[in-house]
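Q: Sending over model.txt (compact mmCIF, C-alpha atoms and all ligand atoms).
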```
# COMPACT_ATOMS: atom_id res chain seq x y z
CA MET I 6 -36.20 -29.64 42.35
CA LYS I 7 -34.21 -26.49 42.92
CA ASN I 8 -32.91 -25.55 46.36
CA THR I 9 -34.26 -22.05 46.23
CA ASP I 10 -38.02 -21.76 46.69
CA ILE I 11 -38.51 -18.31 45.30
CA SER I 12 -36.69 -15.80 43.12
CA VAL I 13 -38.04 -12.29 43.32
CA ILE I 14 -37.14 -10.22 40.27
CA ILE I 15 -37.42 -6.47 40.57
CA PRO I 16 -36.91 -4.36 37.44
CA LEU I 17 -36.27 -0.77 38.42
CA TYR I 18 -35.37 2.55 36.95
CA ASN I 19 -34.62 5.41 39.34
CA GLU I 20 -36.35 4.02 42.42
CA SER I 21 -33.62 4.62 45.02
CA GLU I 22 -35.96 5.81 47.79
CA SER I 23 -38.10 2.69 47.67
CA LEU I 24 -35.58 -0.14 47.46
CA GLN I 25 -34.52 -0.53 51.10
CA GLU I 26 -38.09 -0.55 52.31
CA LEU I 27 -39.12 -2.99 49.59
CA HIS I 28 -36.25 -5.28 50.51
CA ASP I 29 -37.18 -5.23 54.18
CA GLN I 30 -40.80 -6.03 53.46
CA ILE I 31 -39.89 -8.94 51.20
CA CYS I 32 -37.47 -10.40 53.75
CA GLU I 33 -40.05 -10.17 56.47
CA VAL I 34 -42.59 -12.13 54.44
CA MET I 35 -40.02 -14.72 53.38
CA ASN I 36 -38.73 -15.31 56.89
CA LYS I 37 -42.20 -15.53 58.35
CA ASN I 38 -43.05 -18.28 55.88
CA ASP I 39 -39.70 -20.04 55.99
CA PHE I 40 -39.00 -19.70 52.29
CA SER I 41 -35.51 -19.94 50.90
CA PHE I 42 -35.23 -17.11 48.44
CA GLU I 43 -33.16 -14.74 46.38
CA ILE I 44 -33.93 -11.18 45.36
CA ILE I 45 -32.63 -10.04 42.00
CA PHE I 46 -32.62 -6.29 41.50
CA VAL I 47 -32.27 -5.40 37.84
CA ASP I 48 -31.20 -1.79 37.61
CA ASP I 49 -32.29 -0.65 34.18
CA GLY I 50 -29.60 2.01 33.82
CA SER I 51 -30.81 4.31 36.60
CA ASN I 52 -29.17 7.68 36.91
CA ASP I 53 -30.01 8.19 40.57
CA ASP I 54 -28.54 6.33 43.55
CA SER I 55 -30.41 3.09 42.96
CA TRP I 56 -27.31 1.02 42.21
CA LYS I 57 -25.51 2.31 45.29
CA VAL I 58 -28.49 1.32 47.41
CA ILE I 59 -28.52 -2.13 45.82
CA GLU I 60 -24.80 -2.55 46.59
CA GLN I 61 -25.41 -1.63 50.20
CA ILE I 62 -28.34 -3.97 50.56
CA SER I 63 -26.52 -6.90 49.00
CA SER I 64 -23.44 -6.37 51.14
CA LYS I 65 -25.60 -7.03 54.17
CA ASN I 66 -27.80 -9.76 52.72
CA LYS I 67 -26.28 -12.69 50.82
CA SER I 68 -29.63 -13.49 49.21
CA VAL I 69 -29.64 -10.23 47.32
CA ARG I 70 -28.16 -10.08 43.84
CA GLY I 71 -27.99 -7.17 41.44
CA ILE I 72 -27.64 -6.64 37.73
CA ARG I 73 -26.99 -3.21 36.32
CA PHE I 74 -27.55 -2.27 32.69
CA GLN I 75 -25.16 0.14 31.06
CA ARG I 76 -28.09 2.22 29.89
CA ASN I 77 -31.87 2.26 30.11
CA TYR I 78 -33.18 -0.59 27.97
CA GLY I 79 -36.74 -0.77 29.27
CA LYS I 80 -38.74 -2.91 31.63
CA SER I 81 -38.99 -5.87 29.24
CA ALA I 82 -35.24 -6.14 28.91
CA ALA I 83 -34.83 -5.93 32.68
CA LEU I 84 -37.36 -8.70 33.22
CA ASN I 85 -35.80 -10.86 30.55
CA GLU I 86 -32.37 -10.55 32.14
CA GLY I 87 -33.86 -11.39 35.52
CA PHE I 88 -35.56 -14.45 34.04
CA ASN I 89 -32.24 -15.65 32.66
CA LYS I 90 -30.55 -15.36 36.03
CA ALA I 91 -33.32 -16.70 38.28
CA ASN I 92 -32.78 -19.93 40.24
CA GLY I 93 -35.96 -20.32 42.24
CA ASN I 94 -38.63 -22.97 41.77
CA VAL I 95 -41.12 -20.18 41.64
CA VAL I 96 -40.21 -16.87 40.09
CA ILE I 97 -42.03 -13.75 41.19
CA THR I 98 -41.74 -10.37 39.53
CA MET I 99 -42.71 -7.13 41.21
CA ASP I 100 -42.25 -3.44 40.55
CA GLY I 101 -39.58 -1.54 42.43
CA ASP I 102 -41.80 1.34 43.47
CA LEU I 103 -43.60 -0.32 46.40
CA GLN I 104 -46.90 -0.32 44.51
CA ASP I 105 -47.00 -4.13 44.71
CA ASP I 106 -47.41 -5.75 48.09
CA PRO I 107 -44.94 -8.50 49.12
CA ASP I 108 -47.65 -9.93 51.40
CA GLU I 109 -49.13 -11.54 48.28
CA ILE I 110 -46.08 -13.74 47.78
CA PRO I 111 -47.09 -16.78 49.90
CA GLU I 112 -50.48 -17.10 48.22
CA LEU I 113 -48.94 -16.74 44.74
CA TYR I 114 -46.36 -19.36 45.67
CA LYS I 115 -49.09 -21.73 46.74
CA MET I 116 -51.03 -21.27 43.53
CA ILE I 117 -47.97 -22.26 41.49
CA THR I 118 -46.78 -25.15 43.62
CA GLU I 119 -50.05 -26.64 44.87
CA GLU I 120 -52.64 -25.61 42.32
CA ASN I 121 -50.14 -26.22 39.56
CA PHE I 122 -50.56 -22.98 37.66
CA ASP I 123 -47.90 -22.18 35.06
CA LEU I 124 -48.37 -18.47 35.57
CA VAL I 125 -50.42 -16.40 37.97
CA SER I 126 -51.01 -12.77 37.17
CA GLY I 127 -51.92 -10.18 39.75
CA TRP I 128 -55.13 -8.27 39.32
CA LYS I 129 -55.13 -4.75 40.73
CA LYS I 130 -58.86 -4.76 41.24
CA LYS I 131 -58.77 -1.60 43.27
CA ARG I 132 -56.13 0.61 41.71
CA TYR I 133 -54.37 3.59 43.16
CA ASP I 134 -53.57 5.30 39.90
CA PRO I 135 -55.01 8.46 38.31
CA LEU I 136 -58.21 8.15 36.28
CA SER I 137 -56.38 9.17 33.11
CA LYS I 138 -54.52 5.89 33.38
CA ARG I 139 -57.28 3.64 34.64
CA ILE I 140 -59.70 4.24 31.79
CA PRO I 141 -57.32 3.55 28.87
CA THR I 142 -56.10 0.55 30.83
CA LYS I 143 -59.60 -0.88 30.88
CA LEU I 144 -59.84 -0.52 27.12
CA PHE I 145 -56.39 -2.02 26.71
CA ASN I 146 -57.29 -5.07 28.76
CA PHE I 147 -60.60 -5.48 26.97
CA ILE I 148 -58.99 -5.52 23.53
CA THR I 149 -56.20 -7.81 24.61
CA ARG I 150 -58.77 -10.26 26.01
CA LEU I 151 -60.65 -10.12 22.75
CA VAL I 152 -57.63 -10.66 20.52
CA THR I 153 -55.84 -13.29 22.57
CA GLY I 154 -58.72 -15.18 24.12
CA ILE I 155 -56.99 -15.10 27.50
CA LYS I 156 -59.44 -14.25 30.23
CA LEU I 157 -57.37 -11.94 32.41
CA ASN I 158 -58.65 -8.70 33.87
CA ASP I 159 -55.26 -7.10 34.22
CA PHE I 160 -52.53 -8.09 31.79
CA ASN I 161 -49.97 -5.52 32.77
CA CYS I 162 -49.71 -6.08 36.52
CA GLY I 163 -46.07 -6.01 37.61
CA LEU I 164 -46.76 -8.64 40.24
CA LYS I 165 -46.76 -12.08 38.67
CA ALA I 166 -45.62 -15.58 39.58
CA TYR I 167 -44.21 -18.23 37.27
CA LYS I 168 -42.97 -21.77 37.30
CA TYR I 169 -39.21 -21.93 36.81
CA LYS I 170 -39.69 -23.67 33.50
CA VAL I 171 -41.89 -20.91 32.12
CA VAL I 172 -39.39 -18.11 32.62
CA LYS I 173 -36.65 -20.21 31.07
CA SER I 174 -38.77 -20.93 28.03
CA ILE I 175 -40.03 -17.51 27.06
CA GLU I 176 -38.33 -14.41 25.82
CA VAL I 177 -39.53 -10.90 26.60
CA TYR I 178 -38.22 -8.22 24.29
CA GLY I 179 -39.05 -4.74 23.05
CA GLU I 180 -41.99 -3.55 25.12
CA MET I 181 -43.58 -6.96 25.36
CA HIS I 182 -43.74 -7.10 29.16
CA ARG I 183 -47.41 -6.15 28.82
CA TYR I 184 -48.06 -9.41 27.04
CA ILE I 185 -46.12 -11.96 29.04
CA PRO I 186 -49.27 -14.06 29.66
CA VAL I 187 -49.84 -14.03 25.90
CA ILE I 188 -46.27 -15.05 25.16
CA ALA I 189 -46.51 -17.81 27.75
CA LYS I 190 -49.78 -19.12 26.41
CA TRP I 191 -48.50 -19.23 22.86
CA ALA I 192 -45.44 -21.08 24.08
CA GLY I 193 -47.81 -23.76 25.35
CA PHE I 194 -48.25 -22.85 29.00
CA TYR I 195 -52.02 -22.88 29.18
CA LYS I 196 -52.70 -22.95 32.89
CA ILE I 197 -52.81 -19.24 33.54
CA GLY I 198 -54.46 -17.94 36.68
CA GLU I 199 -55.28 -14.66 38.24
CA LYS I 200 -55.23 -13.43 41.80
CA VAL I 201 -56.67 -10.22 43.14
CA VAL I 202 -53.78 -8.34 44.71
CA LYS I 203 -53.47 -5.32 46.91
CA HIS I 204 -52.22 -2.26 45.08
CA ARG I 205 -50.71 0.78 46.72
CA PRO I 206 -50.23 4.35 45.61
CA ARG I 207 -46.76 5.37 44.51
CA LYS I 208 -44.91 6.71 47.51
CA HIS I 209 -41.70 8.05 46.01
CA GLY I 210 -40.66 9.13 42.54
CA LYS I 211 -42.98 9.14 39.58
CA THR I 212 -44.29 6.82 36.90
CA LYS I 213 -41.90 5.96 34.08
CA PHE I 214 -44.53 5.46 31.42
CA GLY I 215 -46.50 8.24 29.73
CA PHE I 216 -49.49 8.15 27.46
CA GLU I 217 -47.50 6.64 24.61
CA ARG I 218 -47.71 3.37 26.54
CA PHE I 219 -51.16 2.75 25.13
CA ILE I 220 -50.25 3.37 21.51
CA ASN I 221 -47.10 1.29 21.78
CA GLY I 222 -49.10 -1.34 23.58
CA PHE I 223 -51.53 -1.78 20.73
CA LEU I 224 -48.81 -1.80 18.09
CA ASP I 225 -47.08 -4.51 20.08
CA LEU I 226 -50.28 -6.50 20.26
CA ILE I 227 -50.57 -6.42 16.49
CA SER I 228 -46.99 -7.52 15.94
CA ILE I 229 -47.08 -10.23 18.56
CA THR I 230 -50.31 -11.62 17.13
CA PHE I 231 -48.89 -11.57 13.65
CA VAL I 232 -45.57 -13.09 14.60
CA THR I 233 -47.04 -15.96 16.58
CA ARG I 234 -49.74 -16.80 14.09
CA PHE I 235 -47.93 -16.29 10.82
CA GLY I 236 -44.26 -15.81 11.73
CA ARG I 237 -43.40 -19.30 10.56
CA LYS I 238 -45.79 -19.37 7.63
CA PRO I 239 -46.13 -15.83 6.26
CA MET I 240 -47.36 -17.18 2.93
CA HIS I 241 -50.56 -18.38 4.58
CA LEU I 242 -51.56 -14.82 5.26
CA PHE I 243 -50.08 -12.85 2.39
CA GLY I 244 -50.51 -15.56 -0.19
CA MET I 245 -54.17 -15.94 0.62
CA LEU I 246 -54.92 -12.23 0.63
CA GLY I 247 -52.84 -11.72 -2.50
CA SER I 248 -54.55 -14.52 -4.40
CA LEU I 249 -58.01 -13.31 -3.45
CA LEU I 250 -57.22 -9.78 -4.51
CA PHE I 251 -55.65 -10.85 -7.76
CA PHE I 252 -58.58 -13.12 -8.52
CA ALA I 253 -61.06 -10.30 -7.87
CA GLY I 254 -59.09 -7.99 -10.20
CA PHE I 255 -58.90 -10.64 -12.86
CA MET I 256 -62.64 -11.29 -12.77
CA ILE I 257 -63.28 -7.56 -13.13
CA ALA I 258 -61.01 -7.37 -16.16
CA LEU I 259 -62.71 -10.39 -17.67
CA TYR I 260 -66.14 -8.89 -17.17
CA LEU I 261 -65.09 -5.54 -18.66
CA ALA I 262 -63.67 -7.21 -21.74
CA TYR I 263 -66.78 -9.31 -22.18
CA ALA I 264 -69.08 -6.31 -21.78
CA LYS I 265 -67.10 -4.27 -24.29
CA PHE I 266 -67.15 -6.85 -27.02
CA PHE I 267 -70.56 -8.40 -26.54
CA LEU I 268 -72.82 -5.96 -24.73
CA PHE I 269 -72.15 -2.36 -25.67
CA GLU I 270 -69.30 -0.24 -26.96
CA TYR I 271 -67.43 2.05 -24.51
CA LYS I 272 -63.98 3.35 -23.67
CA MET I 273 -62.26 1.21 -21.03
CA THR I 274 -60.89 4.24 -19.23
CA ASP I 275 -64.37 5.67 -18.78
CA ARG I 276 -65.26 2.90 -16.39
CA PRO I 277 -64.14 3.33 -12.77
CA LEU I 278 -64.26 -0.44 -12.41
CA PHE I 279 -61.36 -0.66 -14.81
CA TYR I 280 -59.08 1.08 -12.32
CA PHE I 281 -60.33 -1.09 -9.51
CA GLY I 282 -59.50 -4.18 -11.48
CA ILE I 283 -55.99 -3.07 -12.30
CA LEU I 284 -55.30 -1.93 -8.76
CA ALA I 285 -56.53 -5.22 -7.33
CA MET I 286 -54.29 -7.23 -9.64
CA ILE I 287 -51.22 -5.14 -8.86
CA LEU I 288 -51.78 -5.16 -5.10
CA GLY I 289 -52.59 -8.85 -5.19
CA THR I 290 -49.30 -9.61 -6.92
CA GLN I 291 -47.40 -7.49 -4.44
CA LEU I 292 -48.96 -9.17 -1.43
CA PHE I 293 -48.14 -12.51 -2.94
CA VAL I 294 -44.52 -11.49 -3.43
CA ALA I 295 -44.40 -10.17 0.16
CA GLY I 296 -45.56 -13.58 1.37
CA PHE I 297 -42.97 -15.28 -0.76
CA LEU I 298 -40.17 -13.10 0.58
CA GLY I 299 -41.40 -13.66 4.13
CA GLU I 300 -41.33 -17.37 3.49
CA LEU I 301 -37.75 -17.22 2.22
CA ILE I 302 -36.68 -15.28 5.29
CA SER I 303 -38.35 -17.63 7.72
CA ARG I 304 -36.94 -20.71 5.93
CA ASN I 305 -33.47 -19.31 6.49
CA SER I 306 -33.96 -18.31 10.12
CA GLN I 307 -32.07 -20.27 12.74
CA ASP I 308 -35.21 -20.73 14.80
CA ARG I 309 -37.17 -22.47 12.11
CA ASN I 310 -36.90 -25.79 13.90
CA LYS I 311 -36.82 -24.63 17.47
CA TYR I 312 -39.56 -26.13 19.61
CA LEU I 313 -40.17 -26.30 23.31
CA ILE I 314 -40.03 -29.90 24.47
CA ASP I 315 -42.19 -30.78 27.42
CA LYS I 316 -40.98 -34.33 28.10
CA THR I 317 -38.96 -37.11 26.47
CA ILE I 318 -38.38 -40.73 27.48
N1 LIG I 401 -39.06 0.38 34.96
C1 LIG I 401 -37.89 -0.14 34.42
N2 LIG I 401 -37.41 0.39 33.26
C2 LIG I 401 -38.04 1.41 32.59
C3 LIG I 401 -39.25 1.89 33.13
C4 LIG I 401 -39.73 1.36 34.31
O1 LIG I 401 -37.28 -1.04 34.99
O2 LIG I 401 -37.55 1.83 31.55
C5 LIG I 401 -39.58 -0.16 36.22
C6 LIG I 401 -39.93 0.88 37.25
O3 LIG I 401 -38.81 1.33 37.96
C7 LIG I 401 -40.89 0.13 38.12
C8 LIG I 401 -41.63 -0.75 37.12
O4 LIG I 401 -40.81 -0.83 35.97
O5 LIG I 401 -40.21 -0.68 39.05
C9 LIG I 401 -43.00 -0.20 36.78
O6 LIG I 401 -42.88 1.14 36.36
P1 LIG I 401 -43.86 2.30 36.85
O7 LIG I 401 -44.14 2.16 38.32
O8 LIG I 401 -43.30 3.59 36.39
O9 LIG I 401 -45.16 1.95 36.01
P2 LIG I 401 -46.68 2.17 36.49
O10 LIG I 401 -46.82 1.62 37.88
O11 LIG I 401 -46.90 3.63 36.44
O12 LIG I 401 -47.46 1.40 35.47
MG MG I 402 -45.73 1.84 39.52
```
Would it be possible to restate this file's structure as structure tokens?
Ligand code: UDP
Ligand code: MG

A:
Amino acid sequence: MKNTDISVIIPLYNESESLQELHDQICEVMNKNDFSFEIIFVDDGSNDDSWKVIEQISSKNKSVRGIRFQRNYGKSAALNEGFNKANGNVVITMDGDLQDDPDEIPELYKMITEENFDLVSGWKKKRYDPLSKRIPTKLFNFITRLVTGIKLNDFNCGLKAYKYKVVKSIEVYGEMHRYIPVIAKWAGFYKIGEKVVKHRPRKHGKTKFGFERFINGFLDLISITFVTRFGRKPMHLFGMLGSLLFFAGFMIALYLAYAKFFLFEYKMTDRPLFYFGILAMILGTQLFVAGFLGELISRNSQDRNKYLIDKTI
């Protein structure tokens, strides 16, 4: 068991006006519930006064730590760095803009420690965001549920709680913070819960994500699905598709040859099917080669025999 009950990780980019208030609210909740805790502010290369505010806060409170990136790397990077540095039994992430409510912390903590969840994700059932964001978000969550089979209503809530072991076992990169429950599940942490949380309107500053979030989100979903399912065995996907395609092309060629010699006389190039057949054989071969190359790359990767061990005796 660790000595610290809770680590609160706060990724932030230009949120100077909110940080002091957020800190005060968190401390109040922690002290009321007698938790030992640390707050880790991860300043994602802000160009406002955020870092100065963090320095001030931490000079007065020993439980406050800060990490500052040289430049803006994105929320996923900030979370990942926070995960690496966290010491608490339970790790809680929340946004730095006061939209998440620290009052939810005790209940989240209880769900991890007593109900034994690996991960609990907040659900902003009643959202205080503009409609232009709420509607695409609904679609986004619907598709993610469909593709991943994880029954969460709100994948991208900044407020989440994790077991210590979970954050030390997963890696969040690129823009993958939207899919942390997916990453966790595929790493073998199946007990994923959800809690309705209070959401608040943004008080200061403005949102850091524009409409491109949805397009990037879906691209990321495709890559993460591909990488987890076929990353270690690319041949199973490409090889299968390639073989099927090649086989279809070959059968077409066979049929055309048979028809020409035994059924009726015609010019090969007059038959559209001829081009189909050739195309299918060429594409099939290429897919097959792609699978083969993928296989060579994954055989040579350093992670090819990296597994997460749950227990040993
Ligand atoms: N954030 C970050 N790096 C970035 C963009 C955002 O650390 O490059 C932080 C941001 O400061 C906030 C959290 O991620 O604490 C969520 O961002 P935001 O509130 O803009 O997202 P929204 O609530 O609009 O989804
Ligand atoms: Mg926000």

Q: Using Å and a single decimal, report how far CA of Phe46 in chain I sits from atom C5 of ligand LIG 401 (chain I).

A: 10.7 Å

Q: If we count only C-alpha atoms and set the cut-off at 9 Å, which residues sit around Leu261 in chain I, ignoring sequence neighbours fewer than 5 positions away in its own chain? Please answer as a list of chain:residue names.

A: I:Met256, I:Phe266, I:Met273, I:Arg276, I:Leu278, I:Phe279

Q: Quick one: everything within 9 Å of Lys203 in chain I, counting all atoms listed in the file, minus sequence neighbours fewer than 3 positions away in the same chain. Send it as a VMD selection string.

A: chain I and resid 104 to 106 108 to 109 127 to 132

Q: Could you pull out the residues sitting within 7 Å of ligand LIG 401 (chain I), using all atoms listed in the file, and write them as a PDB file with C-alpha atoms, keeping the file's coordinate frame?

A:
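Ended up saving to selection.pdb:
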```pdb
ATOM      1  CA  ILE I  15     -37.420  -6.470  40.570  1.00  0.00           C
ATOM      2  CA  PRO I  16     -36.910  -4.360  37.440  1.00  0.00           C
ATOM      3  CA  LEU I  17     -36.270  -0.770  38.420  1.00  0.00           C
ATOM      4  CA  TYR I  18     -35.370   2.550  36.950  1.00  0.00           C
ATOM      5  CA  ASN I  19     -34.620   5.410  39.340  1.00  0.00           C
ATOM      6  CA  GLU I  20     -36.350   4.020  42.420  1.00  0.00           C
ATOM      7  CA  ASP I  48     -31.200  -1.790  37.610  1.00  0.00           C
ATOM      8  CA  ASP I  49     -32.290  -0.650  34.180  1.00  0.00           C
ATOM      9  CA  ASN I  77     -31.870   2.260  30.110  1.00  0.00           C
ATOM     10  CA  TYR I  78     -33.180  -0.590  27.970  1.00  0.00           C
ATOM     11  CA  GLY I  79     -36.740  -0.770  29.270  1.00  0.00           C
ATOM     12  CA  LYS I  80     -38.740  -2.910  31.630  1.00  0.00           C
ATOM     13  CA  ALA I  83     -34.830  -5.930  32.680  1.00  0.00           C
ATOM     14  CA  ASP I 100     -42.250  -3.440  40.550  1.00  0.00           C
ATOM     15  CA  GLY I 101     -39.580  -1.540  42.430  1.00  0.00           C
ATOM     16  CA  ASP I 102     -41.800   1.340  43.470  1.00  0.00           C
ATOM     17  CA  GLN I 104     -46.900  -0.320  44.510  1.00  0.00           C
ATOM     18  CA  GLY I 163     -46.070  -6.010  37.610  1.00  0.00           C
ATOM     19  CA  LYS I 211     -42.980   9.140  39.580  1.00  0.00           C
ATOM     20  CA  THR I 212     -44.290   6.820  36.900  1.00  0.00           C
ATOM     21  CA  LYS I 213     -41.900   5.960  34.080  1.00  0.00           C
ATOM     22  CA  PHE I 214     -44.530   5.460  31.420  1.00  0.00           C
TER      23      PHE I 214
END
```

Q: So how many Å separate CA of Phe297 in chain I and CA of Leu242 in chain I, to one decimal?

A: 10.5 Å

Q: Enter the distance from CA of Ser64 in chain I to CA of Arg205 in chain I, in Å, rounded to one decimal.

A: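 Calculated distance between CA of Ser64 in chain I and CA of Arg205 in chain I is 28.5 Å.
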
Q: Counting all atoms listed in the file, figure out which residue out of I:Asp123, I:Asp275, I:Glu112, I:Asp134 gets nearest to ligand MG 402 (chain I).

A: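 Of all the options, I:Asp134 lies closest to ligand MG 402 (chain I).
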
Q: Output as CSV one row per residue of range 94-145 of chain I within 10 Å of range 184-194 of chain I: the closest atom pair and its distance in Å to one decimal place, counting all atoms listed in the file, sorted by chain and residue number ascending.

A:
```
residue,atom,partner,partner_atom,distance
I:Phe122,CA,I:Phe194,CA,9.0
I:Asp123,CA,I:Phe194,CA,6.1
I:Leu124,CA,I:Pro186,CA,7.4
I:Val125,CA,I:Pro186,CA,8.7
I:Ser126,CA,I:Pro186,CA,7.8
```

Q: Would you kindly return, as a list in words, each protein, DNA or RNA residue with an atom no farther than 12 Å from any atom of Gln307 in chain I, considering only C-alpha atoms and excluding same-chain residues fewer than 5 positions away?

A: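 These residues fall inside the cut-off: Arg237, Ile302 and Tyr312 of chain I.
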
Q: Point out the residue among I:Phe267, I:Tyr133, I:Phe145, I:Phe243 with the least atom-to-atom distance to ligand MG 402 (chain I), counting only C-alpha atoms and all ligand atoms.

A: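 Residue with the minimum atom-to-atom distance to ligand MG 402 (chain I): I:Tyr133.
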
Q: Let me make sure I understand: among I:Pro206, I:Gly50, I:Gly87, I:Pro111, which one has the smallest atom-to-atom distance to ligand MG 402 (chain I) if we use only C-alpha atoms and all ligand atoms?

A: I:Pro206

Q: Return the single residue from I:Tyr169, I:Tyr195, I:Tyr271, I:Trp56 that is closest to Val95 in chain I, with distances computed using all atoms listed in the file.

A: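 Going through I:Tyr169, I:Tyr195, I:Tyr271, I:Trp56 one by one, the smallest distance to Val95 in chain I is for I:Tyr169.
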
Q: Which residue out of I:His204, I:Leu151, I:Asn8, I:Asn158 has the minimum interatomic distance to ligand MG 402 (chain I) when all atoms listed in the file are used?

A: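 Closest to ligand MG 402 (chain I), using all atoms listed in the file: I:His204.
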
Q: Tell me which of I:Arg234, I:Lys265, I:Lys173, I:Lys138 sits closest to ligand MG 402 (chain I), counting only C-alpha atoms and all ligand atoms.

A: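 Distance minimum relative to ligand MG 402 (chain I) lands on I:Lys138.
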
Q: Counting only C-alpha atoms, find residues at most 12 Å from (-35.6, 6.7, 45.6) (file frame) and give them as a list in words.

A: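 Counting only C-alpha atoms, I find these residues within 12 Å of (-35.6, 6.7, 45.6): Leu17, Tyr18, Asn19, Glu20, Ser21, Glu22, Ser23, Leu24, Gln25, Glu26, Leu27, Ser51, Asn52, Asp53, Asp54, Ser55, Trp56, Lys57, Val58, Ile59, Gly101, Asp102, Leu103, Arg207, Lys208, His209, Gly210 and Lys211 of chain I.
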
Q: Find the axis-aligned box for range 194-212 of chain I, covering all its listed atoms and adding 3 Å on each side, and write its centre and edge lengths in Å to one decimal as JSON.

A:
```
{"center_x": -48.7, "center_y": -6.9, "center_z": 38.3, "size_x": 22.0, "size_y": 38.1, "size_z": 24.5}
```

Q: List as a ChimeraX atom specification: which residues have an atom within 7 Å of (-35.4, -21.9, 49.7), counting all atoms listed in the file?

A: /I:8-11,40-42

Q: Mind checking which residues fall within 7 Å of range 245-250 of chain I, counting all atoms listed in the file, ignoring those fewer than 5 positions away in the same chain, and posting them as JSON, numbers by chain?

A: {"I": [285, 286, 289, 290, 292, 293]}

Q: Just save range 92-134 of chain I with C-alpha atoms, as a CSV table (one decimal), in the first residue's frame.

A:
```csv
chain,number,residue,atom,x,y,z
I,92,ASN,CA,2.2,8.2,-6.2
I,93,GLY,CA,-1.3,7.9,-4.8
I,94,ASN,CA,-3.2,4.6,-4.4
I,95,VAL,CA,-6.0,6.2,-6.4
I,96,VAL,CA,-5.2,8.5,-9.2
I,97,ILE,CA,-7.7,11.1,-10.2
I,98,THR,CA,-7.5,13.3,-13.3
I,99,MET,CA,-9.5,16.5,-13.7
I,100,ASP,CA,-9.5,19.4,-16.1
I,101,GLY,CA,-7.8,22.7,-15.0
I,102,ASP,CA,-10.7,24.9,-16.0
I,103,LEU,CA,-13.0,24.3,-13.0
I,104,GLN,CA,-15.5,22.5,-15.2
I,105,ASP,CA,-15.1,19.3,-13.1
I,106,ASP,CA,-16.2,19.4,-9.5
I,107,PRO,CA,-13.8,18.3,-6.8
I,108,ASP,CA,-16.8,17.3,-4.6
I,109,GLU,CA,-16.9,14.1,-6.7
I,110,ILE,CA,-13.5,12.9,-5.4
I,111,PRO,CA,-14.6,11.0,-2.3
I,112,GLU,CA,-17.3,9.0,-4.1
I,113,LEU,CA,-14.8,8.2,-6.9
I,114,TYR,CA,-12.2,7.2,-4.3
I,115,LYS,CA,-14.7,4.8,-2.7
I,116,MET,CA,-15.7,3.2,-6.0
I,117,ILE,CA,-12.0,2.3,-6.6
I,118,THR,CA,-11.1,1.2,-3.2
I,119,GLU,CA,-14.3,-0.4,-1.9
I,120,GLU,CA,-16.1,-1.5,-5.1
I,121,ASN,CA,-12.8,-2.5,-6.6
I,122,PHE,CA,-13.2,-0.8,-10.0
I,123,ASP,CA,-10.0,-0.5,-12.1
I,124,LEU,CA,-11.2,2.7,-13.6
I,125,VAL,CA,-14.2,5.0,-13.1
I,126,SER,CA,-15.1,7.5,-15.7
I,127,GLY,CA,-17.2,10.6,-15.0
I,128,TRP,CA,-20.4,11.0,-17.0
I,129,LYS,CA,-21.4,14.6,-17.6
I,130,LYS,CA,-25.0,13.7,-17.8
I,131,LYS,CA,-26.1,17.4,-17.7
I,132,ARG,CA,-23.5,19.3,-19.7
I,133,TYR,CA,-22.8,23.0,-19.7
I,134,ASP,CA,-21.3,23.2,-23.2
```
